[in-house]
>>> print(open('entry.pdb').read())   # PDB, C-alpha atoms
MODEL        1
ATOM      1  CA  MET A   1       5.236  -1.087 -16.414
ATOM      2  CA  LYS A   2       8.199  -3.103 -15.188
ATOM      3  CA  ILE A   3       8.446  -6.414 -17.062
ATOM      4  CA  LEU A   4       8.655  -8.519 -13.911
ATOM      5  CA  ALA A   5       5.725  -6.627 -12.431
ATOM      6  CA  LEU A   6       3.594  -7.266 -15.497
ATOM      7  CA  LEU A   7       4.482 -10.957 -15.545
ATOM      8  CA  THR A   8       3.731 -11.219 -11.843
ATOM      9  CA  VAL A   9       0.320  -9.609 -12.226
ATOM     10  CA  LEU A  10      -0.515 -11.950 -15.070
ATOM     11  CA  LEU A  11       0.541 -14.942 -12.973
ATOM     12  CA  LEU A  12      -1.642 -13.735 -10.114
ATOM     13  CA  GLY A  13      -4.835 -13.515 -12.106
ATOM     14  CA  GLY A  14      -4.776 -11.214 -15.114
ATOM     15  CA  THR A  15      -4.315  -7.487 -15.451
ATOM     16  CA  ASN A  16      -6.289  -7.000 -12.273
ATOM     17  CA  ALA A  17      -4.826  -9.063  -9.421
ATOM     18  CA  MET A  18      -7.945 -10.525  -7.838
ATOM     19  CA  ALA A  19      -8.466 -11.741  -4.296
ATOM     20  CA  ASP A  20      -8.079 -15.417  -5.101
ATOM     21  CA  ASP A  21      -4.861 -17.305  -5.961
ATOM     22  CA  THR A  22      -2.870 -15.615  -3.199
ATOM     23  CA  GLN A  23       0.168 -17.735  -3.862
ATOM     24  CA  ASN A  24       1.997 -18.943  -6.948
ATOM     25  CA  PRO A  25       2.463 -22.643  -6.093
ATOM     26  CA  GLU A  26       5.486 -23.036  -8.351
ATOM     27  CA  GLN A  27       7.567 -20.278  -6.785
ATOM     28  CA  ASN A  28       5.905 -19.747  -3.403
ATOM     29  CA  PHE A  29       5.451 -16.010  -3.858
ATOM     30  CA  LYS A  30       2.722 -14.280  -1.859
ATOM     31  CA  LYS A  31       1.089 -10.881  -2.137
ATOM     32  CA  ALA A  32      -0.190  -8.111   0.089
ATOM     33  CA  ILE A  33      -1.989  -4.830  -0.572
ATOM     34  CA  PHE A  34      -1.642  -1.670   1.513
ATOM     35  CA  ALA A  35      -2.922   1.896   1.091
ATOM     36  CA  ALA A  36      -0.977   4.649   2.844
ATOM     37  CA  GLY A  37      -1.847   7.852   1.059
ATOM     38  CA  CYS A  38       0.127   8.816  -2.038
ATOM     39  CA  PHE A  39       1.468   5.590  -3.494
ATOM     40  CA  TRP A  40       4.689   7.275  -4.601
ATOM     41  CA  CYS A  41       5.790   7.537  -0.979
ATOM     42  CA  ILE A  42       5.082   3.994   0.161
ATOM     43  CA  GLU A  43       6.842   2.226  -2.724
ATOM     44  CA  PRO A  44      10.468   2.845  -1.619
ATOM     45  CA  THR A  45       9.598   1.512   1.842
ATOM     46  CA  TYR A  46       8.844  -1.920   0.420
ATOM     47  CA  ASP A  47      11.331  -1.840  -2.448
ATOM     48  CA  ASN A  48      14.118  -1.573   0.127
ATOM     49  CA  LEU A  49      12.851  -4.438   2.279
ATOM     50  CA  ASP A  50      14.725  -7.724   1.985
ATOM     51  CA  GLY A  51      12.402 -10.464   0.781
ATOM     52  CA  VAL A  52      10.189  -8.171  -1.294
ATOM     53  CA  LEU A  53      10.417  -9.313  -4.905
ATOM     54  CA  GLU A  54       8.348  -6.652  -6.621
ATOM     55  CA  THR A  55       6.035  -3.737  -5.943
ATOM     56  CA  ILE A  56       3.303  -2.330  -8.165
ATOM     57  CA  VAL A  57       1.406   0.853  -7.364
ATOM     58  CA  GLY A  58      -2.215   1.087  -8.382
ATOM     59  CA  TYR A  59      -5.826   1.377  -7.332
ATOM     60  CA  THR A  60      -8.088  -0.867  -5.259
ATOM     61  CA  GLY A  61     -11.279  -0.837  -3.226
ATOM     62  CA  GLY A  62     -13.522   0.596  -5.934
ATOM     63  CA  GLU A  63     -16.128  -0.541  -8.425
ATOM     64  CA  THR A  64     -14.932   0.934 -11.716
ATOM     65  CA  GLU A  65     -12.901  -1.417 -13.888
ATOM     66  CA  ASN A  66      -9.479  -0.332 -15.100
ATOM     67  CA  PRO A  67      -9.695   3.189 -13.614
ATOM     68  CA  THR A  68      -7.302   5.930 -14.642
ATOM     69  CA  TYR A  69      -5.372   8.240 -12.339
ATOM     70  CA  GLN A  70      -7.614  11.116 -13.416
ATOM     71  CA  GLU A  71     -10.768   9.147 -12.618
ATOM     72  CA  VAL A  72      -9.538   7.991  -9.227
ATOM     73  CA  GLY A  73      -8.442  11.537  -8.460
ATOM     74  CA  THR A  74     -12.058  12.733  -8.580
ATOM     75  CA  GLY A  75     -12.764  10.665  -5.462
ATOM     76  CA  THR A  76     -15.900   9.218  -7.052
ATOM     77  CA  THR A  77     -14.755   5.739  -8.174
ATOM     78  CA  GLY A  78     -14.383   4.279  -4.677
ATOM     79  CA  HIS A  79     -10.730   3.388  -5.205
ATOM     80  CA  THR A  80      -7.799   4.290  -3.039
ATOM     81  CA  GLU A  81      -4.182   4.597  -4.131
ATOM     82  CA  ALA A  82      -2.422   1.434  -2.992
ATOM     83  CA  ILE A  83       0.573  -0.815  -3.441
ATOM     84  CA  LEU A  84       0.671  -4.498  -4.338
ATOM     85  CA  VAL A  85       3.654  -6.170  -2.685
ATOM     86  CA  ILE A  86       4.957  -9.464  -4.053
ATOM     87  CA  TYR A  87       7.109 -11.151  -1.423
ATOM     88  CA  ASP A  88       8.894 -14.337  -0.469
ATOM     89  CA  PRO A  89       7.471 -15.521   2.888
ATOM     90  CA  ALA A  90      10.647 -17.501   3.504
ATOM     91  CA  LYS A  91      12.563 -14.207   3.687
ATOM     92  CA  VAL A  92      10.073 -11.678   5.021
ATOM     93  CA  THR A  93       6.926 -12.215   7.070
ATOM     94  CA  TYR A  94       3.559 -10.568   6.657
ATOM     95  CA  GLU A  95       4.038  -9.242  10.194
ATOM     96  CA  LYS A  96       7.109  -7.345   8.968
ATOM     97  CA  LEU A  97       5.151  -5.912   6.053
ATOM     98  CA  LEU A  98       2.483  -4.751   8.502
ATOM     99  CA  GLU A  99       5.104  -3.174  10.749
ATOM    100  CA  GLN A 100       6.369  -1.101   7.844
ATOM    101  CA  PHE A 101       2.818  -0.149   6.908
ATOM    102  CA  TRP A 102       1.988   1.238  10.351
ATOM    103  CA  LEU A 103       5.239   3.213  10.518
ATOM    104  CA  ASN A 104       4.364   4.906   7.228
ATOM    105  CA  VAL A 105       0.750   5.879   7.839
ATOM    106  CA  ASP A 106      -1.246   8.208  10.051
ATOM    107  CA  PRO A 107      -3.622   5.577  11.414
ATOM    108  CA  PHE A 108      -5.970   8.106  12.971
ATOM    109  CA  ASP A 109      -6.930   9.950   9.769
ATOM    110  CA  SER A 110      -9.695   8.410   7.652
ATOM    111  CA  GLY A 111     -10.114  11.460   5.420
ATOM    112  CA  GLY A 112      -6.862  11.031   3.537
ATOM    113  CA  GLN A 113      -3.197  11.127   4.430
ATOM    114  CA  PHE A 114      -1.121  14.197   5.186
ATOM    115  CA  VAL A 115      -1.671  16.934   2.575
ATOM    116  CA  ASP A 116      -3.652  14.609   0.300
ATOM    117  CA  ARG A 117      -7.356  14.610   1.128
ATOM    118  CA  GLY A 118     -10.261  12.529  -0.092
ATOM    119  CA  PRO A 119     -11.313   8.861  -0.193
ATOM    120  CA  GLN A 120      -8.728   8.091  -2.856
ATOM    121  CA  TYR A 121      -6.039   8.609  -0.182
ATOM    122  CA  ARG A 122      -7.700   6.738   2.671
ATOM    123  CA  PRO A 123      -5.435   4.273   4.506
ATOM    124  CA  GLY A 124      -6.179   0.592   4.296
ATOM    125  CA  ILE A 125      -5.051  -2.998   4.630
ATOM    126  CA  PHE A 126      -6.561  -5.351   2.062
ATOM    127  CA  TYR A 127      -6.176  -8.951   3.172
ATOM    128  CA  PHE A 128      -6.075 -12.072   1.005
ATOM    129  CA  ASP A 129      -6.705 -14.762   3.601
ATOM    130  CA  GLU A 130      -7.785 -15.215   7.190
ATOM    131  CA  ASP A 131      -4.208 -15.220   8.511
ATOM    132  CA  GLN A 132      -3.607 -11.778   7.004
ATOM    133  CA  HIS A 133      -6.960 -10.619   8.331
ATOM    134  CA  LYS A 134      -6.215 -11.723  11.884
ATOM    135  CA  LEU A 135      -2.758 -10.147  11.856
ATOM    136  CA  ALA A 136      -4.100  -6.871  10.463
ATOM    137  CA  VAL A 137      -6.747  -6.652  13.199
ATOM    138  CA  LYS A 138      -4.251  -7.695  15.870
ATOM    139  CA  THR A 139      -1.760  -4.996  14.934
ATOM    140  CA  ALA A 140      -4.515  -2.364  14.643
ATOM    141  CA  ASN A 141      -5.616  -3.215  18.176
ATOM    142  CA  GLU A 142      -2.022  -2.950  19.370
ATOM    143  CA  VAL A 143      -1.715   0.529  17.854
ATOM    144  CA  GLU A 144      -4.947   1.600  19.554
ATOM    145  CA  ASP A 145      -3.720   0.268  22.900
ATOM    146  CA  GLN A 146      -0.319   1.904  22.482
ATOM    147  CA  LYS A 147      -1.575   5.319  21.367
ATOM    148  CA  GLY A 148      -4.941   5.459  23.136
ATOM    149  CA  LYS A 149      -6.734   6.554  19.971
ATOM    150  CA  ARG A 150      -9.175   4.932  17.590
ATOM    151  CA  VAL A 151      -7.514   3.509  14.479
ATOM    152  CA  GLU A 152      -9.299   4.619  11.305
ATOM    153  CA  VAL A 153      -7.504   2.291   8.890
ATOM    154  CA  GLU A 154      -9.801   0.286   6.624
ATOM    155  CA  ILE A 155      -9.285  -3.474   6.965
ATOM    156  CA  THR A 156     -11.067  -5.105   4.052
ATOM    157  CA  GLU A 157     -10.899  -8.285   2.012
ATOM    158  CA  ALA A 158      -8.878  -7.690  -1.138
ATOM    159  CA  SER A 159     -10.716  -7.153  -4.392
ATOM    160  CA  ALA A 160      -9.524  -6.124  -7.840
ATOM    161  CA  PHE A 161      -6.178  -4.319  -7.942
ATOM    162  CA  TRP A 162      -5.574  -2.201 -11.028
ATOM    163  CA  PRO A 163      -1.942  -1.222 -11.783
ATOM    164  CA  ALA A 164      -1.440   2.514 -12.171
ATOM    165  CA  GLU A 165      -0.037   4.085 -15.293
ATOM    166  CA  ASP A 166       3.608   3.339 -16.039
ATOM    167  CA  TYR A 167       4.871   6.798 -15.106
ATOM    168  CA  HIS A 168       3.706   6.230 -11.525
ATOM    169  CA  GLN A 169       5.729   3.039 -11.105
ATOM    170  CA  GLU A 170       8.945   3.746  -9.139
ATOM    171  CA  TYR A 171       8.247   7.467  -9.433
ATOM    172  CA  TYR A 172      10.807   8.175  -6.728
ATOM    173  CA  GLU A 173      13.530   6.829  -9.036
ATOM    174  CA  LYS A 174      12.253   8.257 -12.302
ATOM    175  CA  ASN A 175      11.693  11.782 -10.922
ATOM    176  CA  PRO A 176      13.821  12.043  -7.769
ATOM    177  CA  MET A 177      13.758  15.841  -7.437
ATOM    178  CA  ARG A 178       9.997  16.148  -7.957
ATOM    179  CA  TYR A 179       9.447  13.273  -5.564
ATOM    180  CA  LYS A 180      11.593  14.875  -2.853
ATOM    181  CA  LEU A 181       9.856  18.232  -3.270
ATOM    182  CA  TYR A 182       6.426  16.613  -3.098
ATOM    183  CA  LYS A 183       7.296  14.544  -0.040
ATOM    184  CA  MET A 184       8.825  17.541   1.733
ATOM    185  CA  GLY A 185       5.779  19.691   1.048
ATOM    186  CA  SER A 186       3.282  16.990   2.001
ATOM    187  CA  GLY A 187       4.061  17.174   5.723
ATOM    188  CA  ARG A 188       4.394  13.392   5.732
ATOM    189  CA  ASP A 189       7.731  13.097   7.509
ATOM    190  CA  ASN A 190       6.872  15.521  10.304
ATOM    191  CA  ARG A 191       3.516  13.885  10.979
ATOM    192  CA  LEU A 192       4.987  10.389  11.030
ATOM    193  CA  LYS A 193       7.736  11.515  13.376
ATOM    194  CA  SER A 194       5.139  13.029  15.709
ATOM    195  CA  ILE A 195       3.310   9.686  15.861
ATOM    196  CA  TRP A 196       6.119   7.141  15.757
ATOM    197  CA  GLY A 197       9.192   9.095  16.823
ATOM    198  CA  GLU A 198      12.483   7.942  15.402
ATOM    199  CA  LYS A 199      11.134   4.510  14.445
ATOM    200  CA  ASN A 200      10.296   5.877  11.023
ATOM    201  CA  LYS A 201      13.407   6.398   8.900
ATOM    202  CA  ASN A 202      11.858   6.610   5.426
TER
ENDMDL
END
>>> encode(input="entry.pdb", output="structure tokens")
Amino acid sequence: MKILALLTVLLLGGTNAMADDTQNPEQNFKKAIFAAGCFWCIEPTYDNLDGVLETIVGYTGGETENPTYQEVGTGTTGHTEAILVIYDPAKVTYEKLLEQFWLNVDPFDSGGQFVDRGPQYRPGIFYFDEDQHKLAVKTANEVEDQKGKRVEVEITEASAFWPAEDYHQEYYEKNPMRYKLYKMGSGRDNRLKSIWGEKNKN
């Protein structure tokens, strides 16, 4: 795992970043958790966003402690693949993070995302406080009004977040060819373009 990522997780409450202590008072960092299907594909979206200090891919929304990729992949642990975003609210707002989330998810599919099926790929927003909760619901309602369809994205209070194995972190940089082949074959880009048009550039 990236050194800064590990230090950040420890600062935020141990190896599993829990729902409390949403802000480091000394440095004013905040955190957000989103699930948008395969976590490989959502990480570059936030890594390239000004104001985002660190991203960690992992698992949330389940009951099993310290789950492995193999365990989550069975779809029986209750977890979904997700990303923990550490950000500076003075440089990027939670609203902006939400905007990027919606542009990178099929909000009408609760059974997975794109080629990846099962509860471990369900889309979700995991909020840490009431402000995040209200903004998540507000933007979900806006998407429903805009598209005329029911949004199936889970909006749930954040619970334990378990960092994924090191080889999953920044996979798009460590294995660029495999990542590109996976993303191309997943149907992700075409589906997002059909929903959001040219707004999505990732």
>>> resolve_selection(input="entry.pdb", expression="the PyMOL selection byres ((chain A and resi 168-179) around 9)", output="list in words")
Met1, Lys2, Phe39, Trp40, Cys41, Glu43, Pro44, Thr55, Ile56, Val57, Gly58, Pro163, Ala164, Glu165, Asp166, Tyr167, Lys180, Leu181, Tyr182, Lys183 and Met184 of chain A
>>> resolve_selection(input="entry.pdb", expression="the PyMOL selection byres ((chain A and resi 66-72) around 10)", output="list in words")
Thr15, Asn16, Gly58, Tyr59, Thr60, Gly62, Glu63, Thr64, Glu65, Gly73, Thr74, Gly75, Thr76, Thr77, Gly78, His79, Thr80, Glu81, Pro119, Gln120, Tyr121, Ala160, Phe161, Trp162, Pro163, Ala164, Glu165 and His168 of chain A
>>> resolve_selection(input="entry.pdb", expression="the PyMOL selection byres ((chain A and resi 122-139) around 9)", output="number ranges by chain")
A: 19-22, 31-37, 60-61, 80-82, 94-95, 98-99, 101-102, 105-107, 109-113, 117-121, 140-144, 152-159
>>> atom_distance(input="entry.pdb", atom1="atom CA of A:Asp47", atom2="atom CA of A:Arg150")
29.5 Å
>>> axis_aligned_box(input="entry.pdb", around="stretch 132-142 of chain A", padding_each_side="8 Å", output="JSON")
{"center_x": -4.4, "center_y": -7.1, "center_z": 13.2, "size_x": 21.2, "size_y": 25.4, "size_z": 28.4}
>>> build_atoms(input="entry.pdb", residues="stretch 87-122 of chain A", atoms="N, CA and C atoms", output="PDB file, in the frame of the given file")
ATOM      1  N   TYR A  87       6.025 -10.855  -2.356  1.00  0.00           N
ATOM      2  CA  TYR A  87       7.109 -11.151  -1.423  1.00  0.00           C
ATOM      3  C   TYR A  87       7.326 -12.641  -1.253  1.00  0.00           C
ATOM      4  N   ASP A  88       8.514 -12.964  -0.757  1.00  0.00           N
ATOM      5  CA  ASP A  88       8.894 -14.337  -0.469  1.00  0.00           C
ATOM      6  C   ASP A  88       8.716 -14.561   1.027  1.00  0.00           C
ATOM      7  N   PRO A  89       7.720 -15.336   1.450  1.00  0.00           N
ATOM      8  CA  PRO A  89       7.471 -15.521   2.888  1.00  0.00           C
ATOM      9  C   PRO A  89       8.585 -16.248   3.615  1.00  0.00           C
ATOM     10  N   ALA A  90       9.494 -16.860   2.871  1.00  0.00           N
ATOM     11  CA  ALA A  90      10.647 -17.501   3.504  1.00  0.00           C
ATOM     12  C   ALA A  90      11.685 -16.467   3.938  1.00  0.00           C
ATOM     13  N   LYS A  91      11.579 -15.248   3.389  1.00  0.00           N
ATOM     14  CA  LYS A  91      12.563 -14.207   3.687  1.00  0.00           C
ATOM     15  C   LYS A  91      11.970 -13.036   4.478  1.00  0.00           C
ATOM     16  N   VAL A  92      10.698 -12.777   4.290  1.00  0.00           N
ATOM     17  CA  VAL A  92      10.073 -11.678   5.021  1.00  0.00           C
ATOM     18  C   VAL A  92       8.650 -12.093   5.383  1.00  0.00           C
ATOM     19  N   THR A  93       8.245 -11.813   6.597  1.00  0.00           N
ATOM     20  CA  THR A  93       6.926 -12.215   7.070  1.00  0.00           C
ATOM     21  C   THR A  93       5.891 -11.129   6.784  1.00  0.00           C
ATOM     22  N   TYR A  94       4.638 -11.539   6.794  1.00  0.00           N
ATOM     23  CA  TYR A  94       3.559 -10.568   6.657  1.00  0.00           C
ATOM     24  C   TYR A  94       3.554  -9.612   7.842  1.00  0.00           C
ATOM     25  N   GLU A  95       3.935 -10.112   9.014  1.00  0.00           N
ATOM     26  CA  GLU A  95       4.038  -9.242  10.194  1.00  0.00           C
ATOM     27  C   GLU A  95       5.014  -8.093   9.944  1.00  0.00           C
ATOM     28  N   LYS A  96       6.127  -8.387   9.270  1.00  0.00           N
ATOM     29  CA  LYS A  96       7.109  -7.345   8.968  1.00  0.00           C
ATOM     30  C   LYS A  96       6.534  -6.336   7.979  1.00  0.00           C
ATOM     31  N   LEU A  97       5.792  -6.823   7.006  1.00  0.00           N
ATOM     32  CA  LEU A  97       5.151  -5.912   6.053  1.00  0.00           C
ATOM     33  C   LEU A  97       4.162  -5.000   6.767  1.00  0.00           C
ATOM     34  N   LEU A  98       3.416  -5.555   7.717  1.00  0.00           N
ATOM     35  CA  LEU A  98       2.483  -4.751   8.502  1.00  0.00           C
ATOM     36  C   LEU A  98       3.220  -3.717   9.349  1.00  0.00           C
ATOM     37  N   GLU A  99       4.321  -4.114   9.935  1.00  0.00           N
ATOM     38  CA  GLU A  99       5.104  -3.174  10.749  1.00  0.00           C
ATOM     39  C   GLU A  99       5.502  -1.963   9.922  1.00  0.00           C
ATOM     40  N   GLN A 100       5.972  -2.204   8.708  1.00  0.00           N
ATOM     41  CA  GLN A 100       6.369  -1.101   7.844  1.00  0.00           C
ATOM     42  C   GLN A 100       5.165  -0.257   7.425  1.00  0.00           C
ATOM     43  N   PHE A 101       4.031  -0.903   7.233  1.00  0.00           N
ATOM     44  CA  PHE A 101       2.818  -0.149   6.908  1.00  0.00           C
ATOM     45  C   PHE A 101       2.491   0.844   8.014  1.00  0.00           C
ATOM     46  N   TRP A 102       2.403   0.354   9.249  1.00  0.00           N
ATOM     47  CA  TRP A 102       1.988   1.238  10.351  1.00  0.00           C
ATOM     48  C   TRP A 102       2.962   2.400  10.531  1.00  0.00           C
ATOM     49  N   LEU A 103       4.247   2.156  10.339  1.00  0.00           N
ATOM     50  CA  LEU A 103       5.239   3.213  10.518  1.00  0.00           C
ATOM     51  C   LEU A 103       5.185   4.265   9.415  1.00  0.00           C
ATOM     52  N   ASN A 104       4.422   3.990   8.361  1.00  0.00           N
ATOM     53  CA  ASN A 104       4.364   4.906   7.228  1.00  0.00           C
ATOM     54  C   ASN A 104       2.962   5.447   6.967  1.00  0.00           C
ATOM     55  N   VAL A 105       2.120   5.402   8.001  1.00  0.00           N
ATOM     56  CA  VAL A 105       0.750   5.879   7.839  1.00  0.00           C
ATOM     57  C   VAL A 105       0.325   6.623   9.098  1.00  0.00           C
ATOM     58  N   ASP A 106      -0.573   7.590   8.920  1.00  0.00           N
ATOM     59  CA  ASP A 106      -1.246   8.208  10.051  1.00  0.00           C
ATOM     60  C   ASP A 106      -2.511   7.394  10.286  1.00  0.00           C
ATOM     61  N   PRO A 107      -2.506   6.507  11.262  1.00  0.00           N
ATOM     62  CA  PRO A 107      -3.622   5.577  11.414  1.00  0.00           C
ATOM     63  C   PRO A 107      -4.888   6.195  11.977  1.00  0.00           C
ATOM     64  N   PHE A 108      -4.828   7.453  12.335  1.00  0.00           N
ATOM     65  CA  PHE A 108      -5.970   8.106  12.971  1.00  0.00           C
ATOM     66  C   PHE A 108      -6.722   9.042  12.029  1.00  0.00           C
ATOM     67  N   ASP A 109      -6.354   9.031  10.752  1.00  0.00           N
ATOM     68  CA  ASP A 109      -6.930   9.950   9.769  1.00  0.00           C
ATOM     69  C   ASP A 109      -7.615   9.150   8.666  1.00  0.00           C
ATOM     70  N   SER A 110      -8.937   9.146   8.666  1.00  0.00           N
ATOM     71  CA  SER A 110      -9.695   8.410   7.652  1.00  0.00           C
ATOM     72  C   SER A 110     -10.009   9.258   6.427  1.00  0.00           C
ATOM     73  N   GLY A 111      -9.737  10.554   6.501  1.00  0.00           N
ATOM     74  CA  GLY A 111     -10.114  11.460   5.420  1.00  0.00           C
ATOM     75  C   GLY A 111      -9.055  11.664   4.373  1.00  0.00           C
ATOM     76  N   GLY A 112      -7.978  10.886   4.454  1.00  0.00           N
ATOM     77  CA  GLY A 112      -6.862  11.031   3.537  1.00  0.00           C
ATOM     78  C   GLY A 112      -5.576  10.808   4.306  1.00  0.00           C
ATOM     79  N   GLN A 113      -4.475  11.240   3.747  1.00  0.00           N
ATOM     80  CA  GLN A 113      -3.197  11.127   4.430  1.00  0.00           C
ATOM     81  C   GLN A 113      -2.366  12.376   4.159  1.00  0.00           C
ATOM     82  N   PHE A 114      -1.997  13.042   5.261  1.00  0.00           N
ATOM     83  CA  PHE A 114      -1.121  14.197   5.186  1.00  0.00           C
ATOM     84  C   PHE A 114      -1.773  15.287   4.336  1.00  0.00           C
ATOM     85  N   VAL A 115      -1.090  15.839   3.343  1.00  0.00           N
ATOM     86  CA  VAL A 115      -1.671  16.934   2.575  1.00  0.00           C
ATOM     87  C   VAL A 115      -2.733  16.443   1.593  1.00  0.00           C
ATOM     88  N   ASP A 116      -2.733  15.160   1.300  1.00  0.00           N
ATOM     89  CA  ASP A 116      -3.652  14.609   0.300  1.00  0.00           C
ATOM     90  C   ASP A 116      -4.972  14.218   0.956  1.00  0.00           C
ATOM     91  N   ARG A 117      -6.051  14.816   0.509  1.00  0.00           N
ATOM     92  CA  ARG A 117      -7.356  14.610   1.128  1.00  0.00           C
ATOM     93  C   ARG A 117      -8.308  13.913   0.170  1.00  0.00           C
ATOM     94  N   GLY A 118      -9.259  13.190   0.721  1.00  0.00           N
ATOM     95  CA  GLY A 118     -10.261  12.529  -0.092  1.00  0.00           C
ATOM     96  C   GLY A 118     -10.186  11.019   0.037  1.00  0.00           C
ATOM     97  N   PRO A 119     -11.255  10.312  -0.347  1.00  0.00           N
ATOM     98  CA  PRO A 119     -11.313   8.861  -0.193  1.00  0.00           C
ATOM     99  C   PRO A 119     -10.266   8.119  -0.996  1.00  0.00           C
ATOM    100  N   GLN A 120      -9.740   8.750  -2.046  1.00  0.00           N
ATOM    101  CA  GLN A 120      -8.728   8.091  -2.856  1.00  0.00           C
ATOM    102  C   GLN A 120      -7.370   8.007  -2.144  1.00  0.00           C
ATOM    103  N   TYR A 121      -7.267   8.661  -0.979  1.00  0.00           N
ATOM    104  CA  TYR A 121      -6.039   8.609  -0.182  1.00  0.00           C
ATOM    105  C   TYR A 121      -6.266   7.975   1.186  1.00  0.00           C
ATOM    106  N   ARG A 122      -7.413   7.345   1.365  1.00  0.00           N
ATOM    107  CA  ARG A 122      -7.700   6.738   2.671  1.00  0.00           C
ATOM    108  C   ARG A 122      -6.755   5.569   2.936  1.00  0.00           C
TER     109      ARG A 122
END
